[in-house]
Amino acid sequence: MAASEEPEAPTEPLDVACGLENMPVSVWPPGARPGPFQYSPDHVAGPGADADPSEITFPGCACLARPCVPGTCSCLHRVVQRGLQRPLQVFRTDGKGWGLRTLAFIPRGRFVCEYAGEVLGFSEAQRRIQRQTEQDSNYIIAVREHVAGGRVMETFVDPARVGNVGRFLNHSCEPNLLMVPVRVDSMVPRLALFAARDISPGEELSYDYSGRFLNRSDGGDKGRPGSGKPRKPCFCGSASCAAFLPYDASLYCTPEKPAPGQEGEV
Ligand SMILES: C[S@@+](CC[C@H](N)C(=O)[O-])C[C@H]1O[C@@H](n2cnc3c(N)ncnc32)[C@H](O)[C@@H]1O
């Protein structure tokens, strides 16, 4: 370095979570950077959402004003509200784009992270998904909960533009995480991911995008009925890989091309 040159300022390691989680979320390889998005640890209301996920509809705890007080407030005891408890890293995978891995051991049953993003109405989820090209990553998840009286509650979450670290989770046909919808203080469920088994440091974290868990069915058809697009190949590498990523047929159908009566999957 010539005497007149300025010494290079040491670059801070990138925190994908922008300081909004309990701990930084690092990126591998150093210097690489995932495409831009706005980090939000919690759901936000998007177009067409029936309910604002930030609105408290189940007060639940005594402290209605924020922040809650440790030691006195019951809501602080719920695991999902404690946020990230283990160091996670966004990393470049072979063939799947970015992925998420743990840097520390995670015991079975432990809460790992949420899948948070814009909560959308059905029409907006359908509009966004139908505008995707074959090369685009799909971040939209459709969660269907079968409740009393045969009713089905649908929640559509898209963390593509606004979302949390969960948006980097890839699909696996033999996943190590299980997604559970959890209601804390709103009717809009938080999508909590728990360790389905002990997970070693360095292991990629994954869940089954179909919502099933080690009980998948077909994987046989190669097209997305109603979309005219081929299904995306799955590179999860598991012994029982179904060969294609799950998808939600209802989000691809149009009034002219109704859904072929397939179960909801993304
Ligand atoms: C929610 S994003 C996951 C993060 C994404 N890999 C990225 O780079 O941001 C879902 C997309 O990741 C890719 N993906 C996820 N799991 C995959 C798998 N098992 N095989 C191939 N591609 C996968 C697909 O492009 C899918 O639409």
# chains A, B, ... in the order shown; residues from 1 in each chain; ligands from 1
call {"tool": "residues_near_ligand", "arguments": {"ligand": "ligand 1", "cutoff": "7 Å", "atoms": "only C-alpha atoms and all ligand atoms", "output": "NGL selection string"}}
result
:A and (95-99 or 136-139 or 167-172 or 232-236 or 245)
call {"tool": "atom_distance", "arguments": {"atom1": "atom CA of A:Cys173", "atom2": "atom CA of A:Gly211"}}
result
10.6 Å
call {"tool": "closest_residue", "arguments": {"among": "A:Gly121, A:Glu174, A:Gln135, A:Glu21", "to": "A:Ser240", "atoms": "only C-alpha atoms"}}
result
A:Glu174
call {"tool": "closest_atom_pairs", "arguments": {"of": "stretch 66-185 of chain A", "to": "stretch 50-58 of chain A", "cutoff": "9 Å", "atoms": "only C-alpha atoms", "output": "CSV"}}
result
residue,atom,partner,partner_atom,distance
A:Val119,CA,A:Pro53,CA,7.6
A:Leu120,CA,A:Asp50,CA,8.0
A:Gly121,CA,A:Asp50,CA,6.7
A:Arg183,CA,A:Phe58,CA,8.8
A:Val184,CA,A:Phe58,CA,7.5
A:Asp185,CA,A:Phe58,CA,4.5
call {"tool": "select_by_dssp", "arguments": {"residues": "stretch 44-186 of chain A", "states": "strand (DSSP E)", "output": "PyMOL selection string"}}
result
chain A and resi 44-45+88-92+98-102+111-114+117-120+141-146+152-163+170-171+177-182
call {"tool": "write_last_selection", "arguments": {"atoms": "N, CA and C atoms", "output": "compact mmCIF listing (two decimals), in the first residue's frame"}}
result
# COMPACT_ATOMS: atom_id res chain seq x y z
N VAL A 44 -46.56 -8.94 8.13
CA VAL A 44 -47.11 -7.61 7.91
C VAL A 44 -48.35 -7.77 7.02
N ALA A 45 -49.27 -6.82 7.10
CA ALA A 45 -50.48 -6.90 6.27
C ALA A 45 -50.13 -6.55 4.84
N LEU A 88 -28.01 -18.89 13.01
CA LEU A 88 -28.36 -19.43 11.69
C LEU A 88 -27.53 -18.72 10.64
N GLN A 89 -27.37 -19.39 9.49
CA GLN A 89 -26.58 -18.80 8.41
C GLN A 89 -27.28 -19.04 7.07
N VAL A 90 -27.36 -17.99 6.28
CA VAL A 90 -27.86 -18.09 4.90
C VAL A 90 -26.65 -18.48 4.05
N PHE A 91 -26.78 -19.52 3.23
CA PHE A 91 -25.61 -19.98 2.46
C PHE A 91 -26.03 -20.38 1.06
N ARG A 92 -25.05 -20.41 0.18
CA ARG A 92 -25.26 -20.80 -1.22
C ARG A 92 -25.33 -22.32 -1.31
N TRP A 98 -30.21 -19.93 -2.54
CA TRP A 98 -29.80 -19.76 -1.14
C TRP A 98 -30.53 -20.77 -0.27
N GLY A 99 -29.89 -21.12 0.84
CA GLY A 99 -30.52 -22.00 1.82
C GLY A 99 -30.22 -21.47 3.21
N LEU A 100 -30.77 -22.12 4.22
CA LEU A 100 -30.54 -21.71 5.61
C LEU A 100 -29.99 -22.90 6.38
N ARG A 101 -28.92 -22.66 7.16
CA ARG A 101 -28.39 -23.76 7.98
C ARG A 101 -28.17 -23.28 9.40
N THR A 102 -28.04 -24.25 10.30
CA THR A 102 -27.77 -23.92 11.69
C THR A 102 -26.28 -24.03 11.94
N PHE A 111 -38.05 -24.85 19.08
CA PHE A 111 -38.48 -23.84 18.12
C PHE A 111 -37.23 -23.31 17.39
N VAL A 112 -37.31 -23.19 16.08
CA VAL A 112 -36.14 -22.74 15.31
C VAL A 112 -36.35 -21.32 14.77
N CYS A 113 -37.41 -21.12 14.00
CA CYS A 113 -37.68 -19.78 13.48
C CYS A 113 -39.12 -19.76 12.95
N GLU A 114 -39.56 -18.58 12.56
CA GLU A 114 -40.88 -18.46 11.93
C GLU A 114 -40.72 -18.31 10.43
N GLY A 117 -43.96 -13.03 6.64
CA GLY A 117 -43.93 -12.22 5.42
C GLY A 117 -45.22 -11.44 5.27
N GLU A 118 -45.48 -10.99 4.07
CA GLU A 118 -46.73 -10.28 3.80
C GLU A 118 -47.88 -11.27 3.82
N VAL A 119 -48.92 -10.96 4.57
CA VAL A 119 -50.13 -11.79 4.57
C VAL A 119 -51.03 -11.26 3.46
N LEU A 120 -51.40 -12.14 2.53
CA LEU A 120 -52.14 -11.74 1.33
C LEU A 120 -53.54 -12.33 1.30
N ILE A 141 -46.57 -19.21 0.49
CA ILE A 141 -47.07 -20.45 1.09
C ILE A 141 -48.56 -20.29 1.37
N ALA A 142 -49.30 -21.36 1.10
CA ALA A 142 -50.73 -21.40 1.40
C ALA A 142 -50.92 -22.38 2.55
N VAL A 143 -51.47 -21.87 3.65
CA VAL A 143 -51.71 -22.75 4.80
C VAL A 143 -53.21 -22.93 4.94
N ARG A 144 -53.64 -24.17 4.97
CA ARG A 144 -55.08 -24.45 5.11
C ARG A 144 -55.31 -25.22 6.40
N GLU A 145 -56.15 -24.64 7.26
CA GLU A 145 -56.45 -25.30 8.54
C GLU A 145 -57.91 -25.75 8.50
N HIS A 146 -58.11 -27.04 8.76
CA HIS A 146 -59.45 -27.61 8.74
C HIS A 146 -60.02 -27.47 10.15
N VAL A 152 -62.64 -24.36 6.29
CA VAL A 152 -61.20 -24.34 6.05
C VAL A 152 -60.73 -22.90 6.15
N MET A 153 -59.75 -22.64 7.02
CA MET A 153 -59.19 -21.30 7.12
C MET A 153 -57.92 -21.25 6.29
N GLU A 154 -57.86 -20.28 5.40
CA GLU A 154 -56.71 -20.18 4.49
C GLU A 154 -55.87 -18.96 4.87
N THR A 155 -54.57 -19.15 4.89
CA THR A 155 -53.65 -18.03 5.11
C THR A 155 -52.59 -18.08 4.03
N PHE A 156 -52.37 -16.95 3.37
CA PHE A 156 -51.35 -16.88 2.32
C PHE A 156 -50.26 -15.92 2.79
N VAL A 157 -49.02 -16.40 2.78
CA VAL A 157 -47.90 -15.58 3.25
C VAL A 157 -46.84 -15.52 2.16
N ASP A 158 -46.39 -14.29 1.86
CA ASP A 158 -45.35 -14.10 0.85
C ASP A 158 -44.19 -13.29 1.43
N PRO A 159 -43.06 -13.95 1.74
CA PRO A 159 -41.92 -13.22 2.27
C PRO A 159 -40.93 -12.76 1.18
N ALA A 160 -41.36 -12.72 -0.07
CA ALA A 160 -40.44 -12.34 -1.15
C ALA A 160 -39.95 -10.90 -1.00
N ARG A 161 -40.87 -9.97 -0.73
CA ARG A 161 -40.51 -8.54 -0.64
C ARG A 161 -40.24 -8.12 0.80
N VAL A 162 -41.08 -8.60 1.70
CA VAL A 162 -40.94 -8.30 3.13
C VAL A 162 -41.01 -9.64 3.84
N GLY A 163 -39.98 -9.97 4.60
CA GLY A 163 -40.04 -11.28 5.25
C GLY A 163 -38.88 -11.49 6.20
N ASN A 170 -35.34 -24.10 2.26
CA ASN A 170 -35.67 -24.90 1.08
C ASN A 170 -36.56 -26.07 1.46
N HIS A 171 -37.15 -26.67 0.42
CA HIS A 171 -38.01 -27.85 0.62
C HIS A 171 -37.15 -29.10 0.71
N LEU A 177 -37.37 -30.02 9.77
CA LEU A 177 -38.25 -29.09 10.48
C LEU A 177 -39.71 -29.43 10.20
N LEU A 178 -40.55 -29.03 11.11
CA LEU A 178 -42.00 -29.20 10.94
C LEU A 178 -42.66 -27.85 11.16
N MET A 179 -43.53 -27.45 10.22
CA MET A 179 -44.21 -26.15 10.35
C MET A 179 -45.54 -26.32 11.09
N VAL A 180 -45.75 -25.47 12.08
CA VAL A 180 -46.99 -25.52 12.86
C VAL A 180 -47.59 -24.12 12.92
N PRO A 181 -48.86 -23.95 12.49
CA PRO A 181 -49.49 -22.63 12.66
C PRO A 181 -49.80 -22.40 14.14
N VAL A 182 -49.36 -21.24 14.65
CA VAL A 182 -49.53 -20.94 16.08
C VAL A 182 -50.21 -19.58 16.21
call {"tool": "residues_around", "arguments": {"residues": "stretch 32-35 of chain A", "least_positions_apart": "4", "cutoff": "8 Å", "atoms": "only C-alpha atoms", "output": "PyMOL selection string"}}
result
chain A and resi 14+27-28+98
call {"tool": "atom_distance", "arguments": {"atom1": "atom CA of A:Ser186", "atom2": "atom CA of A:Val80"}}
result
13.3 Å
call {"tool": "select_by_dssp", "arguments": {"residues": "stretch 34-213 of chain A", "states": "alpha helix (DSSP H)", "output": "number ranges by chain"}}
result
A: 122-130
call {"tool": "write_last_selection", "arguments": {"atoms": "N, CA and C atoms", "output": "compact mmCIF listing (two decimals), in the first residue's frame"}}
result
# COMPACT_ATOMS: atom_id res chain seq x y z
N PHE A 122 -56.47 -14.18 -1.11
CA PHE A 122 -56.33 -15.24 -2.12
C PHE A 122 -56.04 -14.67 -3.51
N SER A 123 -56.78 -13.63 -3.92
CA SER A 123 -56.62 -13.08 -5.28
C SER A 123 -55.22 -12.53 -5.49
N GLU A 124 -54.69 -11.87 -4.47
CA GLU A 124 -53.34 -11.30 -4.61
C GLU A 124 -52.29 -12.42 -4.67
N ALA A 125 -52.48 -13.46 -3.84
CA ALA A 125 -51.54 -14.60 -3.88
C ALA A 125 -51.58 -15.24 -5.26
N GLN A 126 -52.80 -15.39 -5.80
CA GLN A 126 -52.97 -15.99 -7.13
C GLN A 126 -52.31 -15.11 -8.20
N ARG A 127 -52.55 -13.79 -8.08
CA ARG A 127 -51.99 -12.85 -9.07
C ARG A 127 -50.46 -12.92 -9.06
N ARG A 128 -49.89 -12.90 -7.84
CA ARG A 128 -48.42 -12.90 -7.75
C ARG A 128 -47.84 -14.21 -8.28
N ILE A 129 -48.48 -15.33 -7.96
CA ILE A 129 -47.92 -16.64 -8.34
C ILE A 129 -48.02 -16.84 -9.85
N GLN A 130 -49.10 -16.31 -10.42
CA GLN A 130 -49.27 -16.50 -11.88
C GLN A 130 -48.33 -15.61 -12.68
call {"tool": "atom_distance", "arguments": {"atom1": "atom CA of A:Gly83", "atom2": "atom CA of A:Asn22"}}
result
6.6 Å
call {"tool": "closest_residue", "arguments": {"among": "A:Leu103, A:Met187, A:Ala196, A:Ala249", "to": "A:Phe213", "atoms": "only C-alpha atoms"}}
result
A:Ala196
call {"tool": "closest_residue", "arguments": {"among": "A:Lys229, A:Phe244, A:Glu203, A:Arg212", "to": "A:Arg131", "atoms": "only C-alpha atoms"}}
result
A:Lys229
call {"tool": "decode", "arguments": {"residues": "stretch 53-183 of chain A", "atoms": "C-alpha atoms", "output": "PDB file, in the first residue's frame"}}
result
ATOM      1  CA  PRO A  53     -51.542  -9.556  11.683  1.00  0.00           C
ATOM      2  CA  SER A  54     -50.110  -6.802  13.900  1.00  0.00           C
ATOM      3  CA  GLU A  55     -53.523  -6.107  15.462  1.00  0.00           C
ATOM      4  CA  ILE A  56     -53.954  -7.791  18.845  1.00  0.00           C
ATOM      5  CA  THR A  57     -57.263  -9.667  18.809  1.00  0.00           C
ATOM      6  CA  PHE A  58     -56.446 -12.061  21.686  1.00  0.00           C
ATOM      7  CA  PRO A  59     -54.977  -9.785  24.386  1.00  0.00           C
ATOM      8  CA  GLY A  60     -53.799 -12.829  26.350  1.00  0.00           C
ATOM      9  CA  CYS A  61     -51.429 -11.056  28.696  1.00  0.00           C
ATOM     10  CA  ALA A  62     -51.848  -8.340  31.269  1.00  0.00           C
ATOM     11  CA  CYS A  63     -49.544  -5.839  29.612  1.00  0.00           C
ATOM     12  CA  LEU A  64     -51.391  -4.370  26.668  1.00  0.00           C
ATOM     13  CA  ALA A  65     -48.734  -1.715  26.237  1.00  0.00           C
ATOM     14  CA  ARG A  66     -45.409  -2.698  24.682  1.00  0.00           C
ATOM     15  CA  PRO A  67     -42.826  -3.767  25.673  1.00  0.00           C
ATOM     16  CA  CYS A  68     -43.935  -6.652  27.872  1.00  0.00           C
ATOM     17  CA  VAL A  69     -42.229  -6.859  31.261  1.00  0.00           C
ATOM     18  CA  PRO A  70     -40.082  -9.972  31.850  1.00  0.00           C
ATOM     19  CA  GLY A  71     -41.107 -11.913  34.919  1.00  0.00           C
ATOM     20  CA  THR A  72     -44.654 -10.538  35.063  1.00  0.00           C
ATOM     21  CA  CYS A  73     -45.976 -11.098  31.559  1.00  0.00           C
ATOM     22  CA  SER A  74     -47.298 -14.531  30.598  1.00  0.00           C
ATOM     23  CA  CYS A  75     -46.780 -13.941  26.880  1.00  0.00           C
ATOM     24  CA  LEU A  76     -43.009 -13.892  27.312  1.00  0.00           C
ATOM     25  CA  HIS A  77     -43.071 -17.546  28.286  1.00  0.00           C
ATOM     26  CA  ARG A  78     -44.305 -18.672  24.860  1.00  0.00           C
ATOM     27  CA  VAL A  79     -41.428 -20.037  22.812  1.00  0.00           C
ATOM     28  CA  VAL A  80     -42.432 -18.550  19.477  1.00  0.00           C
ATOM     29  CA  GLN A  81     -42.257 -15.034  20.892  1.00  0.00           C
ATOM     30  CA  ARG A  82     -38.688 -15.429  22.088  1.00  0.00           C
ATOM     31  CA  GLY A  83     -37.375 -15.320  18.521  1.00  0.00           C
ATOM     32  CA  LEU A  84     -34.171 -16.913  17.241  1.00  0.00           C
ATOM     33  CA  GLN A  85     -32.260 -18.817  19.914  1.00  0.00           C
ATOM     34  CA  ARG A  86     -29.601 -20.483  17.751  1.00  0.00           C
ATOM     35  CA  PRO A  87     -27.133 -18.922  15.253  1.00  0.00           C
ATOM     36  CA  LEU A  88     -28.361 -19.433  11.695  1.00  0.00           C
ATOM     37  CA  GLN A  89     -26.582 -18.796   8.407  1.00  0.00           C
ATOM     38  CA  VAL A  90     -27.856 -18.093   4.901  1.00  0.00           C
ATOM     39  CA  PHE A  91     -25.613 -19.983   2.461  1.00  0.00           C
ATOM     40  CA  ARG A  92     -25.263 -20.801  -1.220  1.00  0.00           C
ATOM     41  CA  THR A  93     -26.506 -24.316  -1.988  1.00  0.00           C
ATOM     42  CA  ASP A  94     -25.850 -26.500  -5.014  1.00  0.00           C
ATOM     43  CA  GLY A  95     -28.829 -26.095  -7.326  1.00  0.00           C
ATOM     44  CA  LYS A  96     -31.382 -24.654  -4.890  1.00  0.00           C
ATOM     45  CA  GLY A  97     -30.205 -21.037  -4.693  1.00  0.00           C
ATOM     46  CA  TRP A  98     -29.802 -19.765  -1.140  1.00  0.00           C
ATOM     47  CA  GLY A  99     -30.523 -22.003   1.823  1.00  0.00           C
ATOM     48  CA  LEU A 100     -30.540 -21.713   5.613  1.00  0.00           C
ATOM     49  CA  ARG A 101     -28.388 -23.758   7.982  1.00  0.00           C
ATOM     50  CA  THR A 102     -27.774 -23.921  11.693  1.00  0.00           C
ATOM     51  CA  LEU A 103     -24.330 -23.227  13.127  1.00  0.00           C
ATOM     52  CA  ALA A 104     -25.197 -24.908  16.448  1.00  0.00           C
ATOM     53  CA  PHE A 105     -26.799 -28.151  17.584  1.00  0.00           C
ATOM     54  CA  ILE A 106     -30.615 -27.987  17.760  1.00  0.00           C
ATOM     55  CA  PRO A 107     -32.357 -30.622  19.884  1.00  0.00           C
ATOM     56  CA  ARG A 108     -35.557 -32.257  18.622  1.00  0.00           C
ATOM     57  CA  GLY A 109     -38.710 -30.311  19.442  1.00  0.00           C
ATOM     58  CA  ARG A 110     -36.982 -26.924  19.769  1.00  0.00           C
ATOM     59  CA  PHE A 111     -38.482 -23.836  18.115  1.00  0.00           C
ATOM     60  CA  VAL A 112     -36.139 -22.741  15.308  1.00  0.00           C
ATOM     61  CA  CYS A 113     -37.682 -19.779  13.479  1.00  0.00           C
ATOM     62  CA  GLU A 114     -40.879 -18.458  11.929  1.00  0.00           C
ATOM     63  CA  TYR A 115     -41.922 -18.123   8.309  1.00  0.00           C
ATOM     64  CA  ALA A 116     -42.999 -14.477   8.291  1.00  0.00           C
ATOM     65  CA  GLY A 117     -43.929 -12.217   5.422  1.00  0.00           C
ATOM     66  CA  GLU A 118     -46.725 -10.278   3.797  1.00  0.00           C
ATOM     67  CA  VAL A 119     -50.131 -11.787   4.570  1.00  0.00           C
ATOM     68  CA  LEU A 120     -52.143 -11.737   1.329  1.00  0.00           C
ATOM     69  CA  GLY A 121     -55.698 -12.309   0.223  1.00  0.00           C
ATOM     70  CA  PHE A 122     -56.328 -15.238  -2.123  1.00  0.00           C
ATOM     71  CA  SER A 123     -56.621 -13.084  -5.278  1.00  0.00           C
ATOM     72  CA  GLU A 124     -53.340 -11.300  -4.611  1.00  0.00           C
ATOM     73  CA  ALA A 125     -51.542 -14.604  -3.877  1.00  0.00           C
ATOM     74  CA  GLN A 126     -52.967 -15.993  -7.128  1.00  0.00           C
ATOM     75  CA  ARG A 127     -51.992 -12.849  -9.065  1.00  0.00           C
ATOM     76  CA  ARG A 128     -48.416 -12.904  -7.749  1.00  0.00           C
ATOM     77  CA  ILE A 129     -47.920 -16.636  -8.339  1.00  0.00           C
ATOM     78  CA  GLN A 130     -49.267 -16.504 -11.875  1.00  0.00           C
ATOM     79  CA  ARG A 131     -46.828 -13.691 -12.727  1.00  0.00           C
ATOM     80  CA  GLN A 132     -43.824 -15.800 -11.738  1.00  0.00           C
ATOM     81  CA  THR A 133     -41.570 -17.179 -14.442  1.00  0.00           C
ATOM     82  CA  GLU A 134     -40.145 -20.704 -14.297  1.00  0.00           C
ATOM     83  CA  GLN A 135     -36.829 -19.249 -13.101  1.00  0.00           C
ATOM     84  CA  ASP A 136     -38.333 -17.294 -10.203  1.00  0.00           C
ATOM     85  CA  SER A 137     -38.166 -18.642  -6.700  1.00  0.00           C
ATOM     86  CA  ASN A 138     -41.615 -19.026  -5.203  1.00  0.00           C
ATOM     87  CA  TYR A 139     -41.913 -17.806  -1.632  1.00  0.00           C
ATOM     88  CA  ILE A 140     -45.725 -17.878  -1.319  1.00  0.00           C
ATOM     89  CA  ILE A 141     -47.069 -20.451   1.087  1.00  0.00           C
ATOM     90  CA  ALA A 142     -50.732 -21.395   1.397  1.00  0.00           C
ATOM     91  CA  VAL A 143     -51.710 -22.749   4.803  1.00  0.00           C
ATOM     92  CA  ARG A 144     -55.082 -24.449   5.106  1.00  0.00           C
ATOM     93  CA  GLU A 145     -56.455 -25.299   8.538  1.00  0.00           C
ATOM     94  CA  HIS A 146     -59.453 -27.610   8.740  1.00  0.00           C
ATOM     95  CA  VAL A 147     -61.611 -26.346  11.596  1.00  0.00           C
ATOM     96  CA  ALA A 148     -64.954 -27.258  13.178  1.00  0.00           C
ATOM     97  CA  GLY A 149     -67.966 -27.615  10.895  1.00  0.00           C
ATOM     98  CA  GLY A 150     -65.890 -28.565   7.888  1.00  0.00           C
ATOM     99  CA  ARG A 151     -64.649 -24.981   7.488  1.00  0.00           C
ATOM    100  CA  VAL A 152     -61.200 -24.343   6.053  1.00  0.00           C
ATOM    101  CA  MET A 153     -59.194 -21.297   7.119  1.00  0.00           C
ATOM    102  CA  GLU A 154     -56.710 -20.176   4.494  1.00  0.00           C
ATOM    103  CA  THR A 155     -53.654 -18.027   5.113  1.00  0.00           C
ATOM    104  CA  PHE A 156     -51.348 -16.881   2.322  1.00  0.00           C
ATOM    105  CA  VAL A 157     -47.900 -15.579   3.249  1.00  0.00           C
ATOM    106  CA  ASP A 158     -45.354 -14.101   0.850  1.00  0.00           C
ATOM    107  CA  PRO A 159     -41.920 -13.220   2.268  1.00  0.00           C
ATOM    108  CA  ALA A 160     -40.436 -12.339  -1.154  1.00  0.00           C
ATOM    109  CA  ARG A 161     -40.506  -8.543  -0.641  1.00  0.00           C
ATOM    110  CA  VAL A 162     -40.936  -8.297   3.130  1.00  0.00           C
ATOM    111  CA  GLY A 163     -40.038 -11.283   5.249  1.00  0.00           C
ATOM    112  CA  ASN A 164     -37.794 -12.966   7.765  1.00  0.00           C
ATOM    113  CA  VAL A 165     -35.048 -15.578   7.681  1.00  0.00           C
ATOM    114  CA  GLY A 166     -37.626 -18.340   7.031  1.00  0.00           C
ATOM    115  CA  ARG A 167     -37.779 -17.208   3.393  1.00  0.00           C
ATOM    116  CA  PHE A 168     -34.432 -18.963   2.825  1.00  0.00           C
ATOM    117  CA  LEU A 169     -35.702 -22.394   3.915  1.00  0.00           C
ATOM    118  CA  ASN A 170     -35.673 -24.895   1.079  1.00  0.00           C
ATOM    119  CA  HIS A 171     -38.007 -27.846   0.619  1.00  0.00           C
ATOM    120  CA  SER A 172     -36.991 -31.394   1.490  1.00  0.00           C
ATOM    121  CA  CYS A 173     -38.896 -34.646   1.043  1.00  0.00           C
ATOM    122  CA  GLU A 174     -37.143 -35.779   4.274  1.00  0.00           C
ATOM    123  CA  PRO A 175     -37.139 -32.523   6.225  1.00  0.00           C
ATOM    124  CA  ASN A 176     -35.659 -31.767   9.629  1.00  0.00           C
ATOM    125  CA  LEU A 177     -38.247 -29.091  10.484  1.00  0.00           C
ATOM    126  CA  LEU A 178     -42.001 -29.202  10.943  1.00  0.00           C
ATOM    127  CA  MET A 179     -44.211 -26.152  10.352  1.00  0.00           C
ATOM    128  CA  VAL A 180     -46.985 -25.523  12.864  1.00  0.00           C
ATOM    129  CA  PRO A 181     -49.486 -22.629  12.656  1.00  0.00           C
ATOM    130  CA  VAL A 182     -49.532 -20.943  16.078  1.00  0.00           C
ATOM    131  CA  ARG A 183     -51.918 -18.200  17.242  1.00  0.00           C
TER     132      ARG A 183
END
